[in-house]
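For reference, the structure is listed below as structure tokens.
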Amino acid sequence: MNKIKLGFCLTGSFCTFKPVIEQMEALSQSYDILPIMSYHAAQLDTRFGKAQEHIRRIEDICGKSVITTLPEAEPIGPKGYTDIMLVAPCTGNTLAKLANSIIDTPAVMAVKSHLRNLRPVVIAVSTNDGLSGSGKNIGLLQNLRNYYFVPYGQDNYQGKPSSLVADFTKIEQTLQLALEGKQIQPMLLR
């Protein structure tokens, strides 16, 4: 049986890379994963790890080179490389770009290219301004066809009252339902 082709975009919420990459590893058993990274995700070394170490681990999991340029991401839709696209983690910056059709990173180009085939895109939010500046972009994307959200909630309501993060353990359930054209519920976590 052929595996479902999953485009897996990582953007720069570096503090969530560990749990997201763990989910990628679990998904690799059931999905044929095409890894894609935004420029920052692919290039910046942070206190959460070195970019090249993340890339090496992702390539080991997926058995493919990570897409890190616009020209590499553009053919995803025209050539039918993906059945479903996941953006995890999806930063506030990436949310804004998707909501406003700003196509200037490999991750947003991959989503745009994938959407031309009217296929589902799953968003796993991770942003410190989800209940402030990014709130309008989340709302806009939730009202667009073919966008689905991994359930999310406040990760630290006392220390970071505007911060939202997806429950990454619910990615697979969300993907399965999105392939059926359904939004997982409940979408908002307590």
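Each chain in the structure tokens gets a letter, A, B, ..., in the order shown, and its residues are numbered from 1; ligands are numbered from 1 in order too.
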
Members of range 4-156 of chain A assigned helix (DSSP H, G or I) by DSSP, as a JSON list (two decimals) with C-alpha atoms, in the first residue's frame:
```
[["chain", "number", "residue", "atom", "x", "y", "z"],
["A", 14, "PHE", "CA", 12.70, 26.77, 17.79],
["A", 15, "CYS", "CA", 11.55, 25.96, 21.33],
["A", 16, "THR", "CA", 9.05, 23.47, 19.84],
["A", 17, "PHE", "CA", 11.43, 21.70, 17.44],
["A", 18, "LYS", "CA", 12.06, 18.77, 19.81],
["A", 19, "PRO", "CA", 8.38, 17.72, 20.19],
["A", 20, "VAL", "CA", 7.62, 18.51, 16.54],
["A", 21, "ILE", "CA", 10.53, 16.41, 15.25],
["A", 22, "GLU", "CA", 9.44, 13.59, 17.58],
["A", 23, "GLN", "CA", 6.00, 13.75, 15.92],
["A", 24, "MET", "CA", 7.67, 13.72, 12.50],
["A", 25, "GLU", "CA", 9.49, 10.55, 13.46],
["A", 26, "ALA", "CA", 6.23, 8.89, 14.55],
["A", 27, "LEU", "CA", 4.44, 10.02, 11.38],
["A", 39, "TYR", "CA", 14.83, 30.18, 5.82],
["A", 40, "HIS", "CA", 15.18, 30.90, 9.54],
["A", 41, "ALA", "CA", 14.39, 27.33, 10.57],
["A", 42, "ALA", "CA", 17.04, 26.01, 8.18],
["A", 43, "GLN", "CA", 19.75, 28.58, 8.89],
["A", 51, "ALA", "CA", 20.40, 24.29, 12.23],
["A", 52, "GLN", "CA", 22.58, 21.64, 10.58],
["A", 53, "GLU", "CA", 21.89, 19.17, 13.40],
["A", 54, "HIS", "CA", 18.13, 19.65, 12.94],
["A", 55, "ILE", "CA", 18.45, 19.22, 9.17],
["A", 56, "ARG", "CA", 20.54, 16.07, 9.55],
["A", 57, "ARG", "CA", 18.02, 14.52, 11.96],
["A", 58, "ILE", "CA", 15.07, 15.43, 9.73],
["A", 59, "GLU", "CA", 16.77, 14.02, 6.64],
["A", 60, "ASP", "CA", 17.53, 10.81, 8.53],
["A", 61, "ILE", "CA", 13.87, 10.48, 9.54],
["A", 62, "CYS", "CA", 12.45, 11.29, 6.10],
["A", 70, "LEU", "CA", 11.89, 28.85, -3.15],
["A", 71, "PRO", "CA", 12.82, 27.12, -6.44],
["A", 72, "GLU", "CA", 12.80, 23.73, -4.68],
["A", 73, "ALA", "CA", 9.37, 24.41, -3.11],
["A", 74, "GLU", "CA", 7.60, 25.84, -6.18],
["A", 75, "PRO", "CA", 7.05, 22.53, -8.07],
["A", 76, "ILE", "CA", 5.36, 20.84, -5.09],
["A", 92, "GLY", "CA", 2.95, 34.15, 13.94],
["A", 93, "ASN", "CA", 5.15, 35.39, 11.12],
["A", 94, "THR", "CA", 4.19, 32.43, 8.93],
["A", 95, "LEU", "CA", 0.50, 32.81, 9.87],
["A", 96, "ALA", "CA", 0.64, 36.45, 8.69],
["A", 97, "LYS", "CA", 2.32, 35.49, 5.43],
["A", 98, "LEU", "CA", -0.23, 32.74, 4.71],
["A", 99, "ALA", "CA", -3.17, 34.99, 5.61],
["A", 106, "PRO", "CA", 10.21, 27.92, 1.18],
["A", 107, "ALA", "CA", 7.52, 27.03, 3.75],
["A", 108, "VAL", "CA", 4.90, 29.50, 2.50],
["A", 109, "MET", "CA", 5.80, 28.73, -1.13],
["A", 110, "ALA", "CA", 5.23, 25.03, -0.39],
["A", 111, "VAL", "CA", 1.79, 25.78, 1.06],
["A", 112, "LYS", "CA", 0.84, 28.06, -1.82],
["A", 113, "SER", "CA", 2.01, 25.54, -4.39],
["A", 114, "HIS", "CA", 0.20, 22.69, -2.61],
["A", 115, "LEU", "CA", -3.06, 24.69, -2.33],
["A", 135, "GLY", "CA", -5.20, 36.43, 16.41],
["A", 136, "LYS", "CA", -6.66, 38.04, 13.31],
["A", 137, "ASN", "CA", -4.53, 35.84, 11.04],
["A", 138, "ILE", "CA", -5.60, 32.68, 12.85],
["A", 139, "GLY", "CA", -9.22, 33.75, 12.46],
["A", 140, "LEU", "CA", -8.78, 34.55, 8.79],
["A", 141, "LEU", "CA", -7.13, 31.21, 8.00],
["A", 142, "GLN", "CA", -9.77, 29.30, 9.96]]
```

Please identify which residues in range 113-176 of chain A DSSP calls strand (DSSP E or B) from the backbone, and express them as a PyMOL selection string.
chain A and resi 121-127+147-149+152-154+164-166

Nearest to Glu172 in chain A among A:Ile84, A:Leu131, A:Ile67, A:Leu34, with distances taken over only C-alpha atoms: which residue is it?
A:Ile84

To one decimal in Å, tell me the separation between CA of Met187 in chain A and CA of Tyr152 in chain A.
6.4 Å
